[in-house]
>>> print(open('final.pdb').read())   # PDB, C-alpha atoms and all ligand atoms
ATOM      1  CA  MET A   1       0.000   0.000   0.000
ATOM      2  CA  ASN A   2       1.528   3.248  -1.058
ATOM      3  CA  ASP A   3       0.857   6.190   1.129
ATOM      4  CA  LYS A   4       1.134   9.872   0.260
ATOM      5  CA  THR A   5       2.643   9.122  -3.150
ATOM      6  CA  GLY A   6      -0.200  10.709  -5.096
ATOM      7  CA  LYS A   7       0.324  14.289  -6.189
ATOM      8  CA  LEU A   8      -2.326  16.445  -4.591
ATOM      9  CA  LEU A   9      -2.309  19.304  -7.034
ATOM     10  CA  GLY A  10      -1.719  18.374 -10.561
ATOM     11  CA  ASP A  11      -2.675  17.085 -13.902
ATOM     12  CA  ASN A  12      -3.191  13.502 -12.824
ATOM     13  CA  ILE A  13      -6.476  13.180 -14.670
ATOM     14  CA  ALA A  14      -6.533   9.366 -14.674
ATOM     15  CA  GLY A  15      -5.768   9.315 -10.938
ATOM     16  CA  VAL A  16      -8.914  11.270 -10.146
ATOM     17  CA  ASN A  17     -10.954   8.133 -10.629
ATOM     18  CA  ARG A  18      -8.544   5.632  -9.069
ATOM     19  CA  ILE A  19      -9.275   5.131  -5.422
ATOM     20  CA  LEU A  20      -7.167   1.949  -5.072
ATOM     21  CA  PRO A  21      -4.356   1.282  -4.433
ATOM     22  CA  HIS A  22      -4.267   3.732  -1.564
ATOM     23  CA  LYS A  23      -2.181   6.806  -2.115
ATOM     24  CA  HIS A  24      -3.593   8.907   0.697
ATOM     25  CA  LYS A  25      -4.936   6.385   3.153
ATOM     26  CA  TYR A  26      -5.098   9.049   5.846
ATOM     27  CA  ALA A  27      -7.828  10.811   3.874
ATOM     28  CA  TRP A  28      -9.582   7.548   3.162
ATOM     29  CA  ASP A  29      -9.597   6.508   6.838
ATOM     30  CA  LEU A  30     -10.967   9.909   7.806
ATOM     31  CA  PHE A  31     -13.683   9.458   5.197
ATOM     32  CA  ILE A  32     -14.636   6.067   6.685
ATOM     33  CA  THR A  33     -14.624   7.455  10.246
ATOM     34  CA  SER A  34     -16.776  10.394   9.191
ATOM     35  CA  CYS A  35     -19.316   8.097   7.563
ATOM     36  CA  ALA A  36     -19.420   5.999  10.740
ATOM     37  CA  ASN A  37     -20.087   9.204  12.717
ATOM     38  CA  ASN A  38     -23.130  10.071  10.652
ATOM     39  CA  TRP A  39     -25.836  12.029  12.461
ATOM     40  CA  MET A  40     -28.937  13.998  11.585
ATOM     41  CA  PRO A  41     -29.788  17.223  13.423
ATOM     42  CA  THR A  42     -33.471  16.345  13.281
ATOM     43  CA  GLU A  43     -32.884  13.150  15.300
ATOM     44  CA  ILE A  44     -32.123  15.307  18.324
ATOM     45  CA  SER A  45     -35.150  16.264  20.383
ATOM     46  CA  MET A  46     -35.749  19.978  20.850
ATOM     47  CA  GLN A  47     -38.771  19.520  23.147
ATOM     48  CA  THR A  48     -37.081  20.692  26.352
ATOM     49  CA  ASP A  49     -35.251  23.481  24.538
ATOM     50  CA  ILE A  50     -38.564  24.810  23.224
ATOM     51  CA  GLN A  51     -40.105  24.807  26.698
ATOM     52  CA  GLN A  52     -37.090  26.477  28.275
ATOM     53  CA  TRP A  53     -37.031  29.138  25.551
ATOM     54  CA  LYS A  54     -40.762  29.907  25.860
ATOM     55  CA  ASN A  55     -40.946  29.744  29.657
ATOM     56  CA  ASP A  56     -38.210  32.310  30.067
ATOM     57  CA  GLU A  57     -35.802  29.857  31.635
ATOM     58  CA  ILE A  58     -33.311  31.253  29.149
ATOM     59  CA  THR A  59     -32.271  34.841  29.878
ATOM     60  CA  GLU A  60     -32.188  37.593  27.259
ATOM     61  CA  ASP A  61     -28.373  37.527  27.324
ATOM     62  CA  GLU A  62     -28.364  33.788  26.682
ATOM     63  CA  LYS A  63     -30.847  34.223  23.834
ATOM     64  CA  LEU A  64     -28.615  36.887  22.329
ATOM     65  CA  LEU A  65     -25.666  34.503  22.558
ATOM     66  CA  VAL A  66     -27.560  31.780  20.699
ATOM     67  CA  LYS A  67     -28.731  34.147  17.963
ATOM     68  CA  ARG A  68     -25.303  35.694  17.412
ATOM     69  CA  CYS A  69     -23.566  32.318  17.315
ATOM     70  CA  LEU A  70     -26.089  31.052  14.791
ATOM     71  CA  GLY A  71     -25.742  34.349  12.929
ATOM     72  CA  PHE A  72     -22.109  33.671  12.177
ATOM     73  CA  PHE A  73     -22.604  29.970  11.461
ATOM     74  CA  ALA A  74     -25.501  30.719   9.089
ATOM     75  CA  GLY A  75     -23.227  32.538   6.662
ATOM     76  CA  SER A  76     -20.011  30.658   7.163
ATOM     77  CA  GLU A  77     -21.133  27.007   6.999
ATOM     78  CA  SER A  78     -22.541  27.792   3.600
ATOM     79  CA  LEU A  79     -19.452  29.744   2.572
ATOM     80  CA  VAL A  80     -17.198  26.812   3.534
ATOM     81  CA  GLY A  81     -19.365  24.262   1.694
ATOM     82  CA  ASN A  82     -19.522  26.368  -1.447
ATOM     83  CA  ASN A  83     -15.816  27.102  -1.469
ATOM     84  CA  LEU A  84     -15.051  23.446  -0.971
ATOM     85  CA  LEU A  85     -16.943  22.208  -4.001
ATOM     86  CA  LEU A  86     -16.626  25.203  -6.303
ATOM     87  CA  SER A  87     -12.967  25.979  -5.625
ATOM     88  CA  ALA A  88     -10.921  23.481  -3.595
ATOM     89  CA  PHE A  89     -12.380  20.362  -5.200
ATOM     90  CA  ARG A  90     -11.222  21.437  -8.652
ATOM     91  CA  PHE A  91      -7.573  21.467  -7.723
ATOM     92  CA  VAL A  92      -7.246  18.517  -5.399
ATOM     93  CA  THR A  93      -6.865  15.735  -7.926
ATOM     94  CA  ASP A  94      -6.310  12.763  -5.639
ATOM     95  CA  ALA A  95      -9.228  10.313  -5.576
ATOM     96  CA  GLU A  96      -9.164   9.570  -1.850
ATOM     97  CA  CYS A  97      -8.878  13.218  -0.877
ATOM     98  CA  ARG A  98     -11.766  14.023  -3.196
ATOM     99  CA  GLN A  99     -13.788  11.314  -1.538
ATOM    100  CA  TYR A 100     -13.233  12.996   1.819
ATOM    101  CA  ILE A 101     -14.093  16.429   0.403
ATOM    102  CA  LEU A 102     -17.429  15.107  -0.860
ATOM    103  CA  ARG A 103     -18.182  13.745   2.601
ATOM    104  CA  GLN A 104     -17.147  17.032   4.189
ATOM    105  CA  ALA A 105     -19.422  18.996   1.863
ATOM    106  CA  PHE A 106     -22.335  16.808   2.928
ATOM    107  CA  GLU A 107     -21.496  17.484   6.573
ATOM    108  CA  GLU A 108     -21.512  21.227   5.890
ATOM    109  CA  SER A 109     -25.013  20.827   4.495
ATOM    110  CA  LEU A 110     -26.014  19.030   7.728
ATOM    111  CA  HIS A 111     -24.625  21.984   9.669
ATOM    112  CA  ASN A 112     -26.826  24.264   7.598
ATOM    113  CA  LEU A 113     -29.723  21.998   8.479
ATOM    114  CA  THR A 114     -28.820  22.335  12.177
ATOM    115  CA  ILE A 115     -29.158  26.109  11.956
ATOM    116  CA  VAL A 116     -32.495  25.862  10.138
ATOM    117  CA  TYR A 117     -33.769  23.240  12.587
ATOM    118  CA  ILE A 118     -32.844  25.358  15.623
ATOM    119  CA  CYS A 119     -34.433  28.461  14.035
ATOM    120  CA  ASP A 120     -37.622  26.512  13.319
ATOM    121  CA  SER A 121     -37.764  24.848  16.734
ATOM    122  CA  LEU A 122     -37.194  28.011  18.758
ATOM    123  CA  ASP A 123     -39.146  30.159  16.303
ATOM    124  CA  LEU A 124     -36.260  32.578  15.879
ATOM    125  CA  ASP A 125     -36.462  35.675  13.723
ATOM    126  CA  ILE A 126     -34.968  34.377  10.481
ATOM    127  CA  GLU A 127     -34.136  37.891   9.293
ATOM    128  CA  GLU A 128     -32.123  38.519  12.430
ATOM    129  CA  VAL A 129     -30.131  35.271  12.156
ATOM    130  CA  PHE A 130     -29.564  35.174   8.417
ATOM    131  CA  THR A 131     -28.631  38.837   7.983
ATOM    132  CA  ALA A 132     -26.273  38.925  10.982
ATOM    133  CA  TYR A 133     -23.313  38.918   8.610
ATOM    134  CA  GLU A 134     -24.528  42.344   7.440
ATOM    135  CA  THR A 135     -25.900  43.830  10.638
ATOM    136  CA  ILE A 136     -23.507  42.734  13.394
ATOM    137  CA  PRO A 137     -20.142  44.459  12.866
ATOM    138  CA  SER A 138     -17.941  41.736  14.389
ATOM    139  CA  ILE A 139     -19.634  39.042  12.285
ATOM    140  CA  LYS A 140     -19.334  41.183   9.174
ATOM    141  CA  ALA A 141     -15.658  41.760   9.981
ATOM    142  CA  LYS A 142     -14.990  38.005  10.077
ATOM    143  CA  ASP A 143     -16.807  37.315   6.817
ATOM    144  CA  ASP A 144     -15.243  40.323   5.084
ATOM    145  CA  PHE A 145     -11.804  39.147   6.218
ATOM    146  CA  LEU A 146     -12.270  35.678   4.708
ATOM    147  CA  LEU A 147     -13.320  37.144   1.375
ATOM    148  CA  GLU A 148     -10.646  39.832   1.436
ATOM    149  CA  ILE A 149      -7.686  37.442   1.883
ATOM    150  CA  THR A 150      -8.781  34.893  -0.694
ATOM    151  CA  THR A 151      -8.802  35.353  -4.429
ATOM    152  CA  ASP A 152     -11.085  33.740  -6.957
ATOM    153  CA  ILE A 153      -9.093  30.607  -7.725
ATOM    154  CA  THR A 154     -11.688  29.466 -10.254
ATOM    155  CA  ARG A 155     -10.960  32.341 -12.636
ATOM    156  CA  ASP A 156      -9.740  31.383 -16.113
ATOM    157  CA  SER A 157      -6.515  33.295 -15.780
ATOM    158  CA  LEU A 158      -5.273  31.260 -12.781
ATOM    159  CA  ASP A 159      -2.385  29.068 -13.859
ATOM    160  CA  ALA A 160      -2.632  26.176 -11.412
ATOM    161  CA  LYS A 161       0.729  24.797 -12.542
ATOM    162  CA  SER A 162       2.682  27.928 -11.760
ATOM    163  CA  LYS A 163       4.259  28.655  -8.395
ATOM    164  CA  GLU A 164       1.997  31.701  -7.939
ATOM    165  CA  GLY A 165      -1.104  29.714  -8.878
ATOM    166  CA  LYS A 166      -0.270  27.007  -6.358
ATOM    167  CA  GLN A 167       0.353  29.651  -3.722
ATOM    168  CA  GLU A 168      -3.125  31.062  -4.321
ATOM    169  CA  ILE A 169      -4.646  27.599  -3.958
ATOM    170  CA  LEU A 170      -2.675  27.042  -0.757
ATOM    171  CA  ARG A 171      -3.850  30.418   0.578
ATOM    172  CA  ASN A 172      -7.444  29.399  -0.119
ATOM    173  CA  LEU A 173      -6.997  26.139   1.818
ATOM    174  CA  LEU A 174      -5.254  27.870   4.729
ATOM    175  CA  THR A 175      -8.006  30.476   4.908
ATOM    176  CA  TYR A 176     -10.938  28.098   4.868
ATOM    177  CA  TYR A 177      -9.511  25.209   6.885
ATOM    178  CA  ILE A 178      -7.318  26.980   9.405
ATOM    179  CA  VAL A 179      -8.708  30.512   9.691
ATOM    180  CA  CYS A 180     -12.412  29.835   9.203
ATOM    181  CA  GLU A 181     -13.076  26.302  10.403
ATOM    182  CA  GLY A 182     -10.082  26.137  12.732
ATOM    183  CA  THR A 183     -10.368  29.549  14.387
ATOM    184  CA  PHE A 184     -13.600  31.405  13.601
ATOM    185  CA  PHE A 185     -15.860  28.556  14.726
ATOM    186  CA  PHE A 186     -14.265  27.967  18.067
ATOM    187  CA  SER A 187     -15.531  30.694  20.364
ATOM    188  CA  GLY A 188     -19.091  30.023  19.176
ATOM    189  CA  PHE A 189     -18.684  26.313  19.939
ATOM    190  CA  ALA A 190     -17.318  27.012  23.431
ATOM    191  CA  MET A 191     -20.182  29.383  24.246
ATOM    192  CA  LEU A 192     -22.961  27.113  23.038
ATOM    193  CA  LEU A 193     -21.463  24.105  24.815
ATOM    194  CA  ALA A 194     -21.374  26.149  28.036
ATOM    195  CA  LEU A 195     -25.177  26.408  27.854
ATOM    196  CA  GLY A 196     -25.508  22.628  27.742
ATOM    197  CA  ARG A 197     -23.223  22.195  30.733
ATOM    198  CA  GLN A 198     -25.755  24.173  32.752
ATOM    199  CA  ASN A 199     -28.609  22.035  31.484
ATOM    200  CA  LYS A 200     -29.856  24.767  29.225
ATOM    201  CA  LEU A 201     -30.836  24.112  25.606
ATOM    202  CA  GLN A 202     -29.440  20.585  25.684
ATOM    203  CA  GLY A 203     -30.749  19.920  22.168
ATOM    204  CA  VAL A 204     -28.818  22.868  20.752
ATOM    205  CA  SER A 205     -25.769  21.861  22.738
ATOM    206  CA  ASP A 206     -25.891  18.252  21.506
ATOM    207  CA  GLN A 207     -26.074  19.417  17.903
ATOM    208  CA  ILE A 208     -23.057  21.620  18.489
ATOM    209  CA  LYS A 209     -21.198  18.664  20.015
ATOM    210  CA  TYR A 210     -21.747  16.654  16.843
ATOM    211  CA  THR A 211     -20.873  19.648  14.679
ATOM    212  CA  LEU A 212     -17.652  20.121  16.633
ATOM    213  CA  ARG A 213     -16.745  16.478  16.074
ATOM    214  CA  ASP A 214     -17.247  16.994  12.325
ATOM    215  CA  GLU A 215     -15.263  20.225  12.314
ATOM    216  CA  SER A 216     -12.397  18.570  14.175
ATOM    217  CA  SER A 217     -12.058  16.061  11.369
ATOM    218  CA  HIS A 218     -12.341  18.828   8.722
ATOM    219  CA  ILE A 219      -9.420  20.578  10.387
ATOM    220  CA  ALA A 220      -7.448  17.327  10.589
ATOM    221  CA  PHE A 221      -8.024  16.712   6.889
ATOM    222  CA  GLY A 222      -7.270  20.329   5.961
ATOM    223  CA  THR A 223      -4.041  20.182   7.932
ATOM    224  CA  TYR A 224      -3.036  16.972   6.160
ATOM    225  CA  LEU A 225      -3.897  18.488   2.788
ATOM    226  CA  ILE A 226      -1.919  21.656   3.447
ATOM    227  CA  ASN A 227       1.116  19.861   4.875
ATOM    228  CA  THR A 228       1.188  17.363   2.028
ATOM    229  CA  ILE A 229       0.890  20.071  -0.631
ATOM    230  CA  ILE A 230       3.768  21.926   1.026
ATOM    231  CA  GLU A 231       5.817  18.726   1.193
ATOM    232  CA  GLN A 232       5.191  18.028  -2.494
ATOM    233  CA  ASN A 233       5.761  21.641  -3.558
ATOM    234  CA  PRO A 234       8.353  23.011  -1.124
ATOM    235  CA  GLU A 235       9.104  25.958  -3.427
ATOM    236  CA  ILE A 236       5.679  27.513  -2.748
ATOM    237  CA  TRP A 237       6.127  27.657   1.056
ATOM    238  CA  THR A 238       8.306  30.741   0.997
ATOM    239  CA  LYS A 239       9.205  32.910   3.977
ATOM    240  CA  ARG A 240       6.882  35.563   2.548
ATOM    241  CA  ILE A 241       3.891  33.198   2.349
ATOM    242  CA  GLN A 242       4.596  31.933   5.876
ATOM    243  CA  GLU A 243       4.748  35.479   7.257
ATOM    244  CA  GLU A 244       1.575  36.385   5.380
ATOM    245  CA  PHE A 245      -0.246  33.451   6.930
ATOM    246  CA  ILE A 246       1.018  34.269  10.431
ATOM    247  CA  ASP A 247      -0.329  37.824   9.935
ATOM    248  CA  HIS A 248      -3.676  36.416   8.851
ATOM    249  CA  MET A 249      -3.813  34.227  11.962
ATOM    250  CA  LYS A 250      -3.004  37.178  14.231
ATOM    251  CA  LYS A 251      -5.763  39.233  12.613
ATOM    252  CA  ALA A 252      -8.166  36.286  12.796
ATOM    253  CA  VAL A 253      -7.540  35.767  16.509
ATOM    254  CA  ASP A 254      -8.144  39.500  17.151
ATOM    255  CA  LEU A 255     -11.384  39.380  15.154
ATOM    256  CA  GLU A 256     -12.483  36.335  17.121
ATOM    257  CA  ILE A 257     -11.834  38.088  20.430
ATOM    258  CA  ALA A 258     -13.829  41.134  19.212
ATOM    259  CA  TYR A 259     -16.630  38.775  18.211
ATOM    260  CA  ALA A 260     -16.654  37.247  21.714
ATOM    261  CA  HIS A 261     -17.322  40.744  23.083
ATOM    262  CA  ASP A 262     -20.374  41.148  20.828
ATOM    263  CA  VAL A 263     -21.751  37.721  21.683
ATOM    264  CA  LEU A 264     -21.028  37.981  25.410
ATOM    265  CA  PRO A 265     -21.517  41.661  26.243
ATOM    266  CA  THR A 266     -22.087  40.664  29.875
ATOM    267  CA  GLY A 267     -20.489  37.740  31.697
ATOM    268  CA  ILE A 268     -22.840  34.743  31.669
ATOM    269  CA  LEU A 269     -22.576  30.965  32.026
ATOM    270  CA  GLY A 270     -19.305  31.316  33.875
ATOM    271  CA  LEU A 271     -17.812  32.921  30.782
ATOM    272  CA  ASN A 272     -16.808  36.433  29.866
ATOM    273  CA  ALA A 273     -15.234  37.955  26.796
ATOM    274  CA  GLU A 274     -11.851  38.379  28.517
ATOM    275  CA  MET A 275     -11.496  34.607  28.868
ATOM    276  CA  PHE A 276     -11.569  34.317  25.109
ATOM    277  CA  ILE A 277      -8.248  36.096  24.799
ATOM    278  CA  ASP A 278      -6.343  33.175  26.376
ATOM    279  CA  TYR A 279      -8.549  30.611  24.715
ATOM    280  CA  MET A 280      -8.103  32.030  21.216
ATOM    281  CA  HIS A 281      -4.359  32.459  21.743
ATOM    282  CA  TYR A 282      -4.195  28.783  22.666
ATOM    283  CA  ILE A 283      -6.205  27.800  19.568
ATOM    284  CA  GLY A 284      -4.087  30.076  17.362
ATOM    285  CA  ASN A 285      -0.845  28.515  18.596
ATOM    286  CA  ARG A 286      -2.146  25.006  18.062
ATOM    287  CA  ARG A 287      -3.151  25.799  14.487
ATOM    288  CA  LEU A 288       0.240  27.321  13.685
ATOM    289  CA  GLU A 289       2.032  24.360  15.245
ATOM    290  CA  ALA A 290      -0.036  21.895  13.199
ATOM    291  CA  ILE A 291       1.392  23.300  10.002
ATOM    292  CA  GLY A 292       4.938  23.468  11.241
ATOM    293  CA  LEU A 293       5.058  27.098  12.392
ATOM    294  CA  ASP A 294       6.156  28.445  15.766
ATOM    295  CA  TYR A 295       3.819  29.733  18.458
ATOM    296  CA  ARG A 296       3.062  33.437  17.965
ATOM    297  CA  PHE A 297       0.620  34.114  20.762
TER     298      PHE A 297
HETATM  299 MN    MN A 301     -19.346  22.918   9.241
HETATM  300 FE    FE A 302     -16.399  22.179   8.327
END
>>> encode(input="final.pdb", output="structure tokens", more="lines below")
Ligand code: MN
Ligand code: FE
Amino acid sequence: MNDKTGKLLGDNIAGVNRILPHKHKYAWDLFITSCANNWMPTEISMQTDIQQWKNDEITEDEKLLVKRCLGFFAGSESLVGNNLLLSAFRFVTDAECRQYILRQAFEESLHNLTIVYICDSLDLDIEEVFTAYETIPSIKAKDDFLLEITTDITRDSLDAKSKEGKQEILRNLLTYYIVCEGTFFFSGFAMLLALGRQNKLQGVSDQIKYTLRDESSHIAFGTYLINTIIEQNPEIWTKRIQEEFIDHMKKAVDLEIAYAHDVLPTGILGLNAEMFIDYMHYIGNRRLEAIGLDYRF
């Protein structure tokens, strides 16, 4: 069994359809694990959540937290899924990695379903949740940042064989896997899970637990993809690109801390916005380390 011998970016057209023999068994195993972890948001009962929400067992601050967390997820789950299939999928020409990407895209659609299911169950104002990326400055700042640092890698003029073209593809993967999924999702997860620990909105919390499990494997796959592309194309991982990415991570961590202030304007659930400084610094360092860079926080 050959492992990691398949070129990840390239013109290996025949290879696209050849799953065996294994060339990236890591991706294949992750695909199998993800399938075994299958879940449906709608299998989780929201009965108690609905009662708690209606009977005012959930405070206004806690309701704000839920709506703002969903507000960011509503835009970004969809953004990640679309980028994956419309952009990343085109350039990753290994069959096993593509298999994982297809599975991941399905999981992103389940995460969209989670948001819709929670909105329906709790009868949330759909306008408020689905336009948060326009109306809440710290959410808008995160979304704007993602779009600002990526380029359209599907444009005709991108030469995917050139060093610059590969660098743009790498930047896209770093932005979506490490900045968005690996950093921008994590304060929201921590806050929503804190609700569940206090026996509040257990249905929401359980769905977030499953979503977090999915996202952890997306990050593991993304990290593998990025590290393998760098290994196979060492010339694209220049000092300049590394410094650029470190800058993006620093900005992302700051944006995430600002977002925590908007979601948690008052201290609730044993959490306050200040705690997210240490937490996000820890996450930021772990993400840098995973792709071979030194701690910066
Ligand atoms: Mn997701
Ligand atoms: Fe994801």
>>> atom_distance(input="final.pdb", atom1="atom CA of Ile283 of chain A", atom2="atom CA of Thr59 of chain A")
28.9 Å
>>> resolve_selection(input="final.pdb", expression="the PyMOL selection byres (((chain A and resi 280) around 12) and not hetatm)", output="MDAnalysis selection string")
chainID A and resid 179 182:188 190 249:260 273:279 281:287 296:297
>>> residues_near_ligand(input="final.pdb", ligand="ligand FE 302 (chain A)", cutoff="12 Å", atoms="only C-alpha atoms and all ligand atoms", output="PyMOL selection string")
chain A and resi 34+73+76-84+100-112+176-186+210-222
>>> atom_distance(input="final.pdb", atom1="atom CA of Ile208 of chain A", atom2="atom CA of Cys119 of chain A")
14.0 Å
>>> atom_distance(input="final.pdb", atom1="atom CA of Ile126 of chain A", atom2="atom CA of Gln207 of chain A")
18.9 Å
>>> closest_residue(input="final.pdb", among="A:His248, A:Gly15, A:Glu289, A:Glu57", to="Asp94 of chain A", atoms="all atoms listed in the file")
A:Gly15
>>> resolve_selection(input="final.pdb", expression="the PyMOL selection byres (((chain A and resi 67) around 9) and not hetatm)", output="list in words")
Glu62, Lys63, Leu64, Leu65, Val66, Arg68, Cys69, Leu70, Gly71, Phe72, Cys119, Leu124, Asp125, Glu128, Val129, Ala132 and Val263 of chain A
>>> closest_residue(input="final.pdb", among="A:Trp53, A:Ala74, A:Ile268, A:Gln202", to="ligand MN 301 (chain A)", atoms="all atoms listed in the file")
A:Ala74
>>> residues_around(input="final.pdb", residues="Val16 of chain A", least_positions_apart="3", cutoff="12 Å", atoms="all atoms listed in the file", output="list in words")
Gly6, Lys7, Leu8, Leu9, Gly10, Asp11, Asn12, Ile13, Ile19, Leu20, Lys23, Phe89, Arg90, Phe91, Val92, Thr93, Asp94, Ala95, Glu96, Cys97, Arg98 and Gln99 of chain A
>>> closest_residue(input="final.pdb", among="A:Gln232, A:Thr114, A:Thr238, A:Asn172", to="ligand MN 301 (chain A)", atoms="all atoms listed in the file")
A:Thr114
>>> resolve_selection(input="final.pdb", expression="the PyMOL selection byres (((chain A and resi 198) around 12) and not hetatm)", output="PyMOL selection string")
chain A and resi 57-58+62+191-197+199-202+205+268-271
